[in-house]
>>> print(open('entry-v7.csv').read())   # CSV, C-alpha atoms and all ligand atoms
chain,number,residue,atom,x,y,z
W,1,MET,CA,126.0,98.6,83.9
W,2,HIS,CA,128.6,97.9,81.2
W,3,LYS,CA,128.2,99.8,78.0
W,4,GLU,CA,128.1,96.6,75.9
W,5,LYS,CA,125.3,95.2,78.1
W,6,GLN,CA,123.3,98.5,77.8
W,7,GLN,CA,123.7,98.4,74.0
W,8,ASN,CA,122.4,94.8,74.0
W,9,ILE,CA,119.4,95.7,76.1
W,10,LYS,CA,118.6,98.7,74.0
W,11,ALA,CA,118.7,96.5,70.9
W,12,LEU,CA,115.7,94.7,72.4
W,13,PHE,CA,113.6,97.8,72.6
W,14,PRO,CA,110.7,98.0,70.1
W,15,PRO,CA,110.9,100.9,67.6
W,16,ARG,CA,109.9,104.2,69.1
W,17,PRO,CA,106.6,105.5,67.7
W,18,GLU,CA,107.0,108.2,65.2
W,19,GLU,CA,105.9,111.7,66.2
W,20,PRO,CA,103.3,113.2,63.8
W,21,GLN,CA,104.1,116.4,62.1
W,22,GLU,CA,102.0,119.5,62.9
W,23,SER,CA,100.6,119.2,59.3
W,24,ASP,CA,99.3,115.6,60.0
W,25,CYS,CA,96.7,117.2,62.3
W,26,CYS,CA,93.6,118.5,60.4
W,27,GLY,CA,92.9,121.0,63.3
W,28,SER,CA,89.2,120.2,63.3
W,29,GLY,CA,89.2,118.5,66.8
W,30,CYS,CA,89.0,114.9,65.7
W,31,SER,CA,88.7,112.4,68.6
W,32,PRO,CA,91.1,110.7,68.8
W,33,CYS,CA,93.5,113.2,67.2
W,34,VAL,CA,96.7,111.9,65.6
W,35,PHE,CA,98.6,113.4,68.6
W,36,ASP,CA,96.3,111.5,71.1
W,37,ILE,CA,97.1,108.3,69.3
W,38,TYR,CA,100.8,109.1,69.3
W,39,HIS,CA,100.8,109.7,73.1
W,40,LEU,CA,99.0,106.4,73.7
W,41,GLN,CA,101.6,104.6,71.6
W,42,LEU,CA,104.4,106.5,73.4
W,43,LEU,CA,103.0,105.4,76.8
W,44,GLU,CA,102.8,101.8,75.6
W,45,TRP,CA,106.3,101.9,74.2
W,46,LYS,CA,107.7,103.4,77.5
W,47,LYS,CA,106.1,100.5,79.4
W,48,GLN,CA,107.5,97.9,77.1
W,49,CYS,CA,111.0,99.3,77.3
W,50,SER,CA,110.7,99.6,81.1
W,51,ASP,CA,109.7,95.9,81.4
W,52,ILE,CA,112.7,95.0,79.3
W,53,LEU,CA,115.0,97.2,81.5
W,54,CYS,CA,113.5,95.8,84.6
W,55,ASN,CA,114.0,92.2,83.5
W,56,ALA,CA,117.5,92.8,82.4
W,57,GLY,CA,118.8,94.9,85.3
W,58,CYS,CA,116.8,94.3,88.4
W,59,TYR,CA,116.6,90.6,88.7
W,60,SER,CA,120.2,89.4,88.6
W,61,LYS,CA,121.2,86.0,89.8
W,62,THR,CA,122.2,85.5,93.4
W,63,SER,CA,125.3,83.7,94.4
W,64,ASP,CA,123.6,81.5,97.0
W,65,GLY,CA,121.1,80.1,94.5
W,66,GLU,CA,118.1,81.6,96.3
W,67,THR,CA,114.9,82.3,94.4
W,68,ASN,CA,115.4,85.5,92.4
W,69,GLU,CA,112.0,87.2,92.7
W,70,PRO,CA,111.7,90.7,94.2
W,71,LEU,CA,111.8,90.7,98.0
W,72,LEU,CA,109.2,93.4,98.5
W,73,SER,CA,105.5,93.2,98.2
W,74,PRO,CA,103.2,96.2,97.7
W,75,ILE,CA,100.6,94.7,100.0
W,76,LYS,CA,102.6,92.7,102.6
W,77,PHE,CA,105.1,94.2,105.0
W,78,SER,CA,108.6,92.6,105.2
W,79,PRO,CA,111.3,93.0,107.9
W,80,PHE,CA,114.3,95.2,107.4
W,81,GLN,CA,117.2,95.8,109.7
W,82,LEU,CA,118.5,99.4,110.3
W,83,LEU,CA,122.2,99.2,109.4
W,84,SER,CA,123.2,102.8,110.1
W,85,VAL,CA,121.9,106.3,110.9
W,86,GLN,CA,123.7,109.4,109.8
W,87,GLN,CA,122.8,113.0,110.5
W,88,HIS,CA,122.5,114.9,107.2
W,89,THR,CA,121.3,118.4,108.1
W,90,HIS,CA,120.0,119.9,111.4
W,91,ASN,CA,116.6,118.0,111.0
W,92,THR,CA,117.2,115.3,108.4
W,93,PHE,CA,118.9,111.9,108.7
W,94,LEU,CA,120.0,109.1,106.4
W,95,TYR,CA,118.8,105.6,107.3
W,96,LEU,CA,120.3,102.5,105.6
W,97,PHE,CA,118.1,99.4,105.7
W,98,GLN,CA,118.9,95.8,104.8
W,99,ALA,CA,116.3,93.1,104.0
W,100,VAL,CA,116.4,90.3,106.6
W,101,ARG,CA,114.6,87.0,107.3
W,102,ALA,CA,113.7,85.8,110.8
W,103,ASN,CA,115.5,82.5,111.6
W,104,SER,CA,112.9,79.9,112.3
W,105,GLU,CA,114.4,78.9,115.6
W,106,PRO,CA,114.9,81.7,118.2
W,107,ASP,CA,118.2,81.8,120.0
W,108,GLN,CA,118.0,79.0,122.7
W,109,GLU,CA,119.4,81.0,125.5
W,110,SER,CA,118.1,84.5,125.0
W,111,ALA,CA,114.8,83.5,123.3
W,112,VAL,CA,115.5,86.5,121.0
W,113,THR,CA,114.6,86.2,117.3
W,114,GLU,CA,117.7,86.1,115.2
W,115,TYR,CA,117.8,87.6,111.7
W,116,THR,CA,119.7,86.7,108.5
W,117,TYR,CA,120.5,89.2,105.7
W,118,VAL,CA,118.6,88.5,102.5
W,119,LYS,CA,120.8,89.8,99.7
W,120,ARG,CA,118.3,89.6,96.9
W,121,PRO,CA,117.0,92.3,94.5
W,122,LEU,CA,114.3,94.6,96.0
W,123,GLY,CA,112.8,95.2,92.5
W,124,ILE,CA,112.4,98.9,93.1
W,125,SER,CA,112.8,101.5,90.3
W,126,VAL,CA,114.1,105.0,90.7
W,127,GLY,CA,111.4,107.4,91.8
W,128,GLN,CA,109.3,104.8,93.5
W,129,HIS,CA,108.6,104.9,97.2
W,130,LEU,CA,108.2,102.5,100.0
W,131,VAL,CA,105.8,102.5,103.0
W,132,MET,CA,107.1,102.0,106.6
W,133,ARG,CA,104.9,100.7,109.4
W,134,CYS,CA,105.5,101.1,113.1
W,135,SER,CA,103.6,100.8,116.3
W,136,SER,CA,105.1,102.8,119.2
W,137,ASP,CA,103.8,100.4,121.8
W,138,GLY,CA,103.1,97.2,119.8
W,139,ASN,CA,99.3,98.0,119.9
W,140,GLN,CA,97.5,97.6,116.6
W,141,ASN,CA,95.4,100.8,117.3
W,142,THR,CA,98.6,102.9,117.4
W,143,VAL,CA,100.0,101.7,114.1
W,144,VAL,CA,101.4,104.5,111.9
W,145,THR,CA,102.4,104.1,108.2
W,146,ARG,CA,104.2,106.7,106.2
W,147,ALA,CA,105.8,106.8,102.7
W,148,TYR,CA,109.5,107.4,102.1
W,149,THR,CA,111.5,107.5,98.8
W,150,PRO,CA,114.8,105.6,98.6
W,151,ILE,CA,117.6,107.7,97.3
W,152,SER,CA,120.0,104.7,96.8
W,153,ASP,CA,120.6,103.1,93.4
W,154,LEU,CA,120.2,99.7,91.8
W,155,ARG,CA,123.6,98.5,93.2
W,156,ALA,CA,122.2,98.7,96.8
W,157,SER,CA,118.8,97.6,95.7
W,158,ASN,CA,120.2,94.4,94.1
W,159,VAL,CA,121.6,93.2,97.5
W,160,GLY,CA,118.4,94.0,99.4
W,161,GLN,CA,119.5,97.4,100.7
W,162,PHE,CA,118.0,100.9,100.4
W,163,GLU,CA,118.7,104.3,101.9
W,164,VAL,CA,116.1,106.9,102.8
W,165,LEU,CA,116.6,110.6,103.7
W,166,ILE,CA,114.0,111.5,106.4
W,167,LYS,CA,113.1,114.9,107.8
W,168,LEU,CA,112.0,114.7,111.4
W,169,TYR,CA,109.1,116.9,112.6
W,170,GLU,CA,108.8,117.9,116.2
W,171,ASN,CA,105.3,116.7,116.6
W,172,GLY,CA,105.3,114.1,113.8
W,173,LYS,CA,103.8,110.7,114.8
W,174,MET,CA,106.3,108.7,112.7
W,175,SER,CA,109.1,111.2,113.4
W,176,LYS,CA,108.8,110.4,117.1
W,177,TYR,CA,109.2,106.7,116.4
W,178,ILE,CA,112.1,107.2,114.0
W,179,GLN,CA,113.9,109.4,116.5
W,180,ASN,CA,114.0,106.5,118.8
W,181,MET,CA,115.2,103.9,116.2
W,182,LYS,CA,118.6,102.4,116.9
W,183,LYS,CA,121.1,100.5,114.8
W,184,ASN,CA,120.1,96.9,114.3
W,185,ASP,CA,116.4,97.6,115.0
W,186,ILE,CA,113.9,95.7,112.8
W,187,VAL,CA,111.4,97.8,110.9
W,188,GLU,CA,108.7,96.8,108.5
W,189,TRP,CA,108.4,98.1,105.0
W,190,ARG,CA,106.2,97.3,101.9
W,191,GLY,CA,106.3,98.5,98.3
W,192,PRO,CA,107.3,99.5,95.8
W,193,CYS,CA,104.6,102.1,95.2
W,194,GLY,CA,104.1,104.8,92.7
W,195,ASN,CA,103.6,104.7,88.9
W,196,PHE,CA,106.6,106.6,87.8
W,197,THR,CA,108.9,104.9,85.2
W,198,TYR,CA,111.8,106.6,83.7
W,199,MET,CA,112.8,105.7,80.1
W,200,PRO,CA,116.2,106.8,78.9
W,201,ASN,CA,116.0,109.2,76.0
W,202,SER,CA,112.2,109.4,76.2
W,203,CYS,CA,112.5,113.2,76.3
W,204,ARG,CA,115.2,115.9,75.5
W,205,HIS,CA,114.9,117.9,78.7
W,206,LEU,CA,114.0,116.6,82.1
W,207,LEU,CA,113.0,119.5,84.3
W,208,MET,CA,112.7,118.7,88.0
W,209,PHE,CA,110.9,121.0,90.4
W,210,CYS,CA,111.2,120.1,94.1
W,211,ALA,CA,111.0,121.5,97.6
W,212,GLY,CA,112.5,120.1,100.8
W,213,THR,CA,112.5,116.3,101.0
W,214,GLY,CA,110.8,116.4,97.5
W,215,ILE,CA,114.4,116.1,96.2
W,216,ALA,CA,114.3,112.4,97.3
W,217,PRO,CA,112.7,110.9,94.1
W,218,MET,CA,114.7,113.4,91.9
W,219,TYR,CA,118.2,112.5,93.0
W,220,PRO,CA,118.2,108.8,92.0
W,221,ILE,CA,116.5,109.6,88.7
W,222,ALA,CA,119.1,112.3,87.9
W,223,LYS,CA,121.8,109.9,88.9
W,224,SER,CA,120.5,107.2,86.7
W,225,VAL,CA,120.5,109.6,83.7
W,226,THR,CA,124.0,110.9,84.2
W,227,GLU,CA,125.4,107.4,84.9
W,228,ASN,CA,123.9,106.0,81.7
W,229,ASP,CA,126.3,106.9,78.8
W,230,LEU,CA,123.6,106.1,76.3
W,231,ASP,CA,121.1,108.6,77.8
W,232,ASP,CA,121.5,112.0,76.2
W,233,THR,CA,118.7,113.7,78.2
W,234,PHE,CA,119.5,117.1,79.8
W,235,VAL,CA,118.5,117.2,83.4
W,236,HIS,CA,117.8,120.5,85.1
W,237,LEU,CA,116.8,120.6,88.8
W,238,LEU,CA,115.2,123.6,90.5
W,239,PHE,CA,115.3,123.1,94.2
W,240,ALA,CA,113.3,125.3,96.6
W,241,CYS,CA,114.7,125.6,100.2
W,242,ARG,CA,114.4,128.1,103.0
W,243,CYS,CA,118.1,128.7,103.8
W,244,PHE,CA,121.5,127.3,103.3
W,245,GLU,CA,121.2,124.9,106.3
W,246,ASP,CA,118.1,123.4,104.7
W,247,ILE,CA,119.8,122.4,101.4
W,248,LEU,CA,119.6,118.6,101.2
W,249,LEU,CA,121.9,116.3,99.2
W,250,ARG,CA,124.3,119.2,98.6
W,251,ASN,CA,127.4,117.2,98.0
W,252,GLU,CA,125.5,114.7,95.8
W,253,MET,CA,124.2,117.6,93.7
W,254,GLN,CA,127.7,119.0,93.3
W,255,GLN,CA,128.9,115.5,92.1
W,256,LEU,CA,126.1,115.3,89.6
W,257,SER,CA,127.0,118.8,88.3
W,258,LEU,CA,130.3,117.4,87.1
W,259,TYR,CA,128.3,115.6,84.3
W,260,TRP,CA,127.7,117.5,81.1
W,261,ASN,CA,124.0,116.9,81.1
W,262,PHE,CA,123.1,117.8,84.7
W,263,SER,CA,122.6,121.3,86.2
W,264,ALA,CA,120.9,122.6,89.3
W,265,GLU,CA,119.6,125.9,90.7
W,266,ILE,CA,118.9,126.3,94.4
W,267,PHE,CA,116.3,128.9,95.4
W,268,LEU,CA,116.5,130.2,99.0
W,269,SER,CA,113.3,132.0,100.1
W,270,GLN,CA,114.4,133.1,103.6
W,271,VAL,CA,117.9,134.5,103.3
W,272,GLU,CA,119.0,138.2,103.3
W,273,SER,CA,121.5,137.5,100.5
W,274,THR,CA,123.2,134.5,98.8
W,275,ALA,CA,126.7,135.7,99.9
W,276,GLU,CA,129.4,134.0,98.0
W,277,SER,CA,131.0,132.8,101.3
W,278,GLN,CA,128.3,130.3,101.8
W,279,THR,CA,128.0,129.2,98.1
W,280,ARG,CA,130.2,126.3,97.1
W,281,TYR,CA,132.3,125.9,94.0
W,282,GLY,CA,130.1,125.2,91.0
W,283,GLU,CA,126.8,125.8,92.8
W,284,CYS,CA,124.1,128.1,91.5
W,285,VAL,CA,122.3,129.6,94.5
W,286,LYS,CA,119.6,132.3,94.1
W,287,LYS,CA,117.6,134.4,96.5
W,288,GLY,CA,113.9,134.1,96.1
W,289,ARG,CA,111.2,131.6,95.0
W,290,ILE,CA,110.6,129.5,91.9
W,291,ASP,CA,107.9,131.7,90.5
W,292,LYS,CA,106.0,131.9,87.2
W,293,GLY,CA,108.8,134.1,85.7
W,294,VAL,CA,111.5,131.5,86.5
W,295,VAL,CA,109.4,128.7,85.0
W,296,ILE,CA,108.7,130.7,81.8
W,297,GLU,CA,112.4,131.5,81.4
W,298,ARG,CA,113.6,127.9,81.9
W,299,LEU,CA,111.1,126.6,79.3
W,300,ALA,CA,111.7,129.4,76.8
W,301,GLY,CA,113.0,128.1,73.4
W,302,LYS,CA,112.4,124.5,74.2
W,303,THR,CA,110.1,122.2,72.1
W,304,LEU,CA,107.5,121.5,74.8
W,305,GLN,CA,106.6,118.1,73.4
W,306,GLN,CA,110.2,117.1,74.2
W,307,VAL,CA,110.2,118.4,77.8
W,308,SER,CA,109.2,116.2,80.8
W,309,ILE,CA,108.4,117.8,84.1
W,310,LEU,CA,108.8,116.2,87.5
W,311,ILE,CA,107.3,117.9,90.5
W,312,CYS,CA,107.6,117.0,94.2
W,313,GLY,CA,107.1,119.2,97.2
W,314,THR,CA,104.4,120.5,99.5
W,315,LYS,CA,100.8,120.7,98.3
W,316,SER,CA,100.9,124.4,97.6
W,317,PHE,CA,104.3,124.1,95.9
W,318,ASN,CA,103.0,121.3,93.7
W,319,LYS,CA,99.9,123.3,92.8
W,320,ASP,CA,101.9,126.4,91.8
W,321,MET,CA,104.4,124.4,89.7
W,322,ILE,CA,101.6,122.6,87.8
W,323,ASN,CA,99.8,125.9,87.1
W,324,TYR,CA,103.0,127.5,85.9
W,325,VAL,CA,104.1,124.7,83.5
W,326,LYS,CA,100.6,124.3,82.2
W,327,HIS,CA,100.4,128.0,81.6
W,328,VAL,CA,103.5,127.8,79.4
W,329,GLY,CA,101.9,125.0,77.5
W,330,VAL,CA,103.6,121.8,78.6
W,331,PRO,CA,101.2,118.9,77.7
W,332,ASP,CA,99.6,117.1,80.6
W,333,ASP,CA,101.1,113.8,79.7
W,334,ASN,CA,104.6,115.3,80.1
W,335,ILE,CA,104.0,116.4,83.7
W,336,HIS,CA,104.5,113.9,86.6
W,337,LEU,CA,103.6,114.7,90.2
W,338,PHE,CA,105.1,112.5,92.9
D,401,LIG,C1,105.0,109.4,98.2
D,401,LIG,C2,105.6,110.1,99.4
D,401,LIG,C3,107.0,110.0,99.5
D,401,LIG,C4,107.6,110.6,100.6
D,401,LIG,N1,109.0,110.6,100.8
D,401,LIG,C5,109.6,111.1,101.8
D,401,LIG,C6,111.0,111.1,102.0
D,401,LIG,O1,111.7,110.5,101.2
D,401,LIG,N2,111.5,111.7,103.1
D,401,LIG,C7,110.7,112.4,104.0
D,401,LIG,O2,111.3,112.9,105.0
D,401,LIG,N3,109.4,112.4,103.9
D,401,LIG,C8,108.8,111.8,102.8
D,401,LIG,N4,107.4,111.9,102.7
D,401,LIG,C9,106.7,112.5,103.8
D,401,LIG,C10,106.4,111.4,104.9
D,401,LIG,O3,105.6,110.3,104.4
D,401,LIG,C11,105.7,111.9,106.2
D,401,LIG,O4,104.6,112.6,105.8
D,401,LIG,C12,106.6,112.8,107.1
D,401,LIG,O5,107.8,112.0,107.5
D,401,LIG,C13,105.9,113.2,108.3
D,401,LIG,O6,105.4,112.2,109.1
D,401,LIG,P1,105.1,112.3,110.6
D,401,LIG,O7,104.3,111.1,111.0
D,401,LIG,O8,106.4,112.4,111.3
D,401,LIG,O9,104.3,113.6,110.8
D,401,LIG,P2,102.7,113.8,110.9
D,401,LIG,O10,102.3,113.3,112.3
D,401,LIG,O11,102.1,113.2,109.7
D,401,LIG,O12,102.6,115.4,110.9
D,401,LIG,C14,103.0,116.2,112.0
D,401,LIG,C15,103.2,117.6,111.6
D,401,LIG,O13,104.5,117.6,110.8
D,401,LIG,C16,104.4,118.6,109.8
D,401,LIG,N5,104.6,117.9,108.5
D,401,LIG,C17,104.4,116.6,108.2
D,401,LIG,N6,104.7,116.4,106.9
D,401,LIG,C18,105.0,117.5,106.4
D,401,LIG,C19,105.4,117.9,105.1
D,401,LIG,N7,105.6,117.0,104.1
D,401,LIG,N8,105.7,119.2,104.9
D,401,LIG,C20,105.6,120.1,105.8
D,401,LIG,N9,105.2,119.8,107.1
D,401,LIG,C21,104.9,118.6,107.4
D,401,LIG,C22,103.1,119.3,109.9
D,401,LIG,O14,103.3,120.4,110.7
D,401,LIG,C23,102.3,118.3,110.6
D,401,LIG,O15,101.2,118.9,111.2
D,401,LIG,C24,106.8,111.3,101.6
D,401,LIG,C25,105.4,111.4,101.5
D,401,LIG,C26,104.8,110.8,100.4
D,401,LIG,C27,103.3,110.9,100.2
>>> encode(input="entry-v7.csv", output="structure tokens")
Amino acid sequence: MHKEKQQNIKALFPPRPEEPQESDCCGSGCSPCVFDIYHLQLLEWKKQCSDILCNAGCYSKTSDGETNEPLLSPIKFSPFQLLSVQQHTHNTFLYLFQAVRANSEPDQESAVTEYTYVKRPLGISVGQHLVMRCSSDGNQNTVVTRAYTPISDLRASNVGQFEVLIKLYENGKMSKYIQNMKKNDIVEWRGPCGNFTYMPNSCRHLLMFCAGTGIAPMYPIAKSVTENDLDDTFVHLLFACRCFEDILLRNEMQQLSLYWNFSAEIFLSQVESTAESQTRYGECVKKGRIDKGVVIERLAGKTLQQVSILICGTKSFNKDMINYVKHVGVPDDNIHLF
């Protein structure tokens, strides 16, 4: 987005609520306390700003004069065509989808349904996810639905496209279906889902804790921060993986690390050592897990009211991270679990 346009949009934001001083609180447990009121005001302000951003950025005019409403529905599945499949690591693949519409008249000779690309905005924000539906044999009783988080940005989303990074599990129901998907196949998706909204400059430090494919919501959020010249938020990503081969979006993280306000640490739990030969230029790779000590260290010296924490991983990973950040004293409102 152009700088001038961003400035114009920012000018439409309502004034940010003023944070009370410690001395404004009488310390006698009033309900609501001045800080409770401030947090409610802050949530409302974030929502208002998010609506303004959404209206300004997501729903741009289409060249073919079609209606400009979002293509997706959170309750109704819509058809998407698989444009490409790209192997990412040994067990993850990138899938690019395009919104399509079935032509009303099937092809006369083959009786096969033809599809036309629909290049309209999807209306999906960074960090939100979509739900895919499939049936391995066309039978309603064997329908499987699973959530996946687009890693692509608004540019793709504005022309009806999105990309997902999917890890395939040997015995996974949806994994089996996805393994057999071919280019040009039609797949059904609904969404967007998830209540995360990112507001530029709404915190000073954005700390992201993720494991495995839990990096999917983090990457587009970090990218949106670094690409916005007006966003002064520091983003620090802590990524838990087993070994070098499991590191996802490695090139993408290296690219983000070129920005002044993004840094990442990769923690490998199942390696003998983090030999330099396998570590790339500019990467910070460590042997071990993201434990309590690491979390305490990364939060030390920061004003916790100005820190936002994002967490996405396995159930046990999420539980541990929440416990650690709460232990340090990060307020509940500043913690988001995907
Ligand atoms: C909000 C949300 C967003 C998600 N985004 C993504 C995404 O962007 N990319 C992505 O790859 N996945 C994502 N997932 C996970 C995804 O929805 C599926 O759970 C996953 O693809 C496995 O589905 P399946 O049917 O193949 O396996 P299932 O049939 O559900 O499970 C089969 C076996 O696979 C293993 N398994 C399945 N899921 C996991 C897991 N998360 N961790 C460890 N082992 C597991 C287990 O051994 C399990 O017994 C997301 C999940 C949620 C809730």
>>> residues_near_ligand(input="entry-v7.csv", ligand="ligand LIG 401 (chain D)", cutoff="10 Å", atoms="only C-alpha atoms and all ligand atoms", output="PyMOL selection string")
chain W and resi 91-94+127-132+144-151+163-179+193-194+211-217+312-315+337-338
>>> atom_distance(input="entry-v7.csv", atom1="CA of Pro15 in chain W", atom2="CA of Met199 in chain W")
13.5 Å
>>> residues_near_point(input="entry-v7.csv", point="(104.4, 90.7, 99.2)", cutoff="12 Å", atoms="all atoms listed in the file", output="number ranges by chain")
W: 69-79, 122-123, 188-192
>>> closest_residue(input="entry-v7.csv", among="W:Lys223, W:Lys47, W:Arg242, W:Lys119", to="Ser257 in chain W", atoms="only C-alpha atoms")
W:Lys223
>>> residues_around(input="entry-v7.csv", residues="range 271-284 of chain W", least_positions_apart="6", cutoff="8 Å", atoms="all atoms listed in the file", output="mmCIF file with C-alpha atoms, in the frame of the given file")
data_model
loop_
_atom_site.group_PDB
_atom_site.id
_atom_site.type_symbol
_atom_site.label_atom_id
_atom_site.label_comp_id
_atom_site.auth_asym_id
_atom_site.auth_seq_id
_atom_site.Cartn_x
_atom_site.Cartn_y
_atom_site.Cartn_z
ATOM 1 C CA ARG W 242 114.400 128.100 103.000
ATOM 2 C CA CYS W 243 118.100 128.700 103.800
ATOM 3 C CA PHE W 244 121.500 127.300 103.300
ATOM 4 C CA GLN W 254 127.700 119.000 93.300
ATOM 5 C CA SER W 257 127.000 118.800 88.300
ATOM 6 C CA ALA W 264 120.900 122.600 89.300
ATOM 7 C CA GLU W 265 119.600 125.900 90.700
#
>>> closest_residue(input="entry-v7.csv", among="W:Ile311, W:Val235, W:Val126, W:Leu299", to="Val330 in chain W", atoms="all atoms listed in the file")
W:Leu299
>>> atom_distance(input="entry-v7.csv", atom1="CA of His327 in chain W", atom2="CA of Pro17 in chain W")
27.2 Å
>>> decode(input="entry-v7.csv", residues="range 240-247 of chain W", atoms="all heavy atoms", output="PDB file, in the first residue's frame")
ATOM      1  N   ALA W 240       9.861 -23.353  17.396  1.00  0.00           N
ATOM      2  CA  ALA W 240      10.316 -24.662  17.886  1.00  0.00           C
ATOM      3  C   ALA W 240      10.173 -25.717  16.791  1.00  0.00           C
ATOM      4  O   ALA W 240       9.085 -25.901  16.240  1.00  0.00           O
ATOM      5  CB  ALA W 240       9.480 -25.065  19.100  1.00  0.00           C
ATOM      6  N   CYS W 241      11.283 -26.378  16.469  1.00  0.00           N
ATOM      7  CA  CYS W 241      11.273 -27.445  15.452  1.00  0.00           C
ATOM      8  C   CYS W 241      12.083 -28.606  16.022  1.00  0.00           C
ATOM      9  O   CYS W 241      12.787 -28.450  17.015  1.00  0.00           O
ATOM     10  CB  CYS W 241      11.966 -26.991  14.168  1.00  0.00           C
ATOM     11  SG  CYS W 241      11.284 -25.495  13.466  1.00  0.00           S
ATOM     12  N   ARG W 242      12.008 -29.742  15.331  1.00  0.00           N
ATOM     13  CA  ARG W 242      12.799 -30.875  15.807  1.00  0.00           C
ATOM     14  C   ARG W 242      14.229 -30.819  15.271  1.00  0.00           C
ATOM     15  O   ARG W 242      15.183 -30.948  16.011  1.00  0.00           O
ATOM     16  CB  ARG W 242      12.123 -32.188  15.425  1.00  0.00           C
ATOM     17  CG  ARG W 242      11.126 -32.604  16.475  1.00  0.00           C
ATOM     18  CD  ARG W 242      10.508 -33.903  16.161  1.00  0.00           C
ATOM     19  NE  ARG W 242       9.640 -33.777  14.994  1.00  0.00           N
ATOM     20  CZ  ARG W 242       8.731 -34.651  14.649  1.00  0.00           C
ATOM     21  NH1 ARG W 242       8.566 -35.734  15.364  1.00  0.00           N
ATOM     22  NH2 ARG W 242       7.985 -34.470  13.593  1.00  0.00           N
ATOM     23  N   CYS W 243      14.344 -30.650  13.949  1.00  0.00           N
ATOM     24  CA  CYS W 243      15.678 -30.668  13.334  1.00  0.00           C
ATOM     25  C   CYS W 243      15.707 -29.698  12.149  1.00  0.00           C
ATOM     26  O   CYS W 243      14.673 -29.121  11.792  1.00  0.00           O
ATOM     27  CB  CYS W 243      16.011 -32.080  12.869  1.00  0.00           C
ATOM     28  SG  CYS W 243      14.731 -32.762  11.826  1.00  0.00           S
ATOM     29  N   PHE W 244      16.871 -29.544  11.545  1.00  0.00           N
ATOM     30  CA  PHE W 244      17.025 -28.589  10.443  1.00  0.00           C
ATOM     31  C   PHE W 244      16.014 -28.847   9.314  1.00  0.00           C
ATOM     32  O   PHE W 244      15.455 -27.907   8.754  1.00  0.00           O
ATOM     33  CB  PHE W 244      18.454 -28.647   9.879  1.00  0.00           C
ATOM     34  CG  PHE W 244      19.443 -27.880  10.711  1.00  0.00           C
ATOM     35  CD1 PHE W 244      20.266 -28.533  11.607  1.00  0.00           C
ATOM     36  CD2 PHE W 244      19.546 -26.502  10.596  1.00  0.00           C
ATOM     37  CE1 PHE W 244      21.181 -27.825  12.384  1.00  0.00           C
ATOM     38  CE2 PHE W 244      20.457 -25.791  11.355  1.00  0.00           C
ATOM     39  CZ  PHE W 244      21.275 -26.449  12.251  1.00  0.00           C
ATOM     40  N   GLU W 245      15.787 -30.148   9.012  1.00  0.00           N
ATOM     41  CA  GLU W 245      14.898 -30.507   7.893  1.00  0.00           C
ATOM     42  C   GLU W 245      13.463 -30.071   8.151  1.00  0.00           C
ATOM     43  O   GLU W 245      12.658 -29.952   7.225  1.00  0.00           O
ATOM     44  CB  GLU W 245      14.904 -32.035   7.661  1.00  0.00           C
ATOM     45  CG  GLU W 245      16.210 -32.599   7.132  1.00  0.00           C
ATOM     46  CD  GLU W 245      17.340 -32.548   8.158  1.00  0.00           C
ATOM     47  OE1 GLU W 245      17.069 -32.760   9.364  1.00  0.00           O
ATOM     48  OE2 GLU W 245      18.499 -32.278   7.766  1.00  0.00           O
ATOM     49  N   ASP W 246      13.122 -29.862   9.422  1.00  0.00           N
ATOM     50  CA  ASP W 246      11.739 -29.505   9.770  1.00  0.00           C
ATOM     51  C   ASP W 246      11.487 -27.992   9.778  1.00  0.00           C
ATOM     52  O   ASP W 246      10.364 -27.559  10.023  1.00  0.00           O
ATOM     53  CB  ASP W 246      11.388 -30.045  11.177  1.00  0.00           C
ATOM     54  CG  ASP W 246      11.096 -31.529  11.153  1.00  0.00           C
ATOM     55  OD1 ASP W 246      10.903 -32.071  10.047  1.00  0.00           O
ATOM     56  OD2 ASP W 246      11.058 -32.139  12.237  1.00  0.00           O
ATOM     57  N   ILE W 247      12.531 -27.208   9.555  1.00  0.00           N
ATOM     58  CA  ILE W 247      12.328 -25.753   9.637  1.00  0.00           C
ATOM     59  C   ILE W 247      11.490 -25.297   8.441  1.00  0.00           C
ATOM     60  O   ILE W 247      11.890 -25.486   7.287  1.00  0.00           O
ATOM     61  CB  ILE W 247      13.671 -24.979   9.644  1.00  0.00           C
ATOM     62  CG1 ILE W 247      14.564 -25.471  10.778  1.00  0.00           C
ATOM     63  CG2 ILE W 247      13.415 -23.482   9.774  1.00  0.00           C
ATOM     64  CD1 ILE W 247      15.971 -24.867  10.765  1.00  0.00           C
TER      65      ILE W 247
END
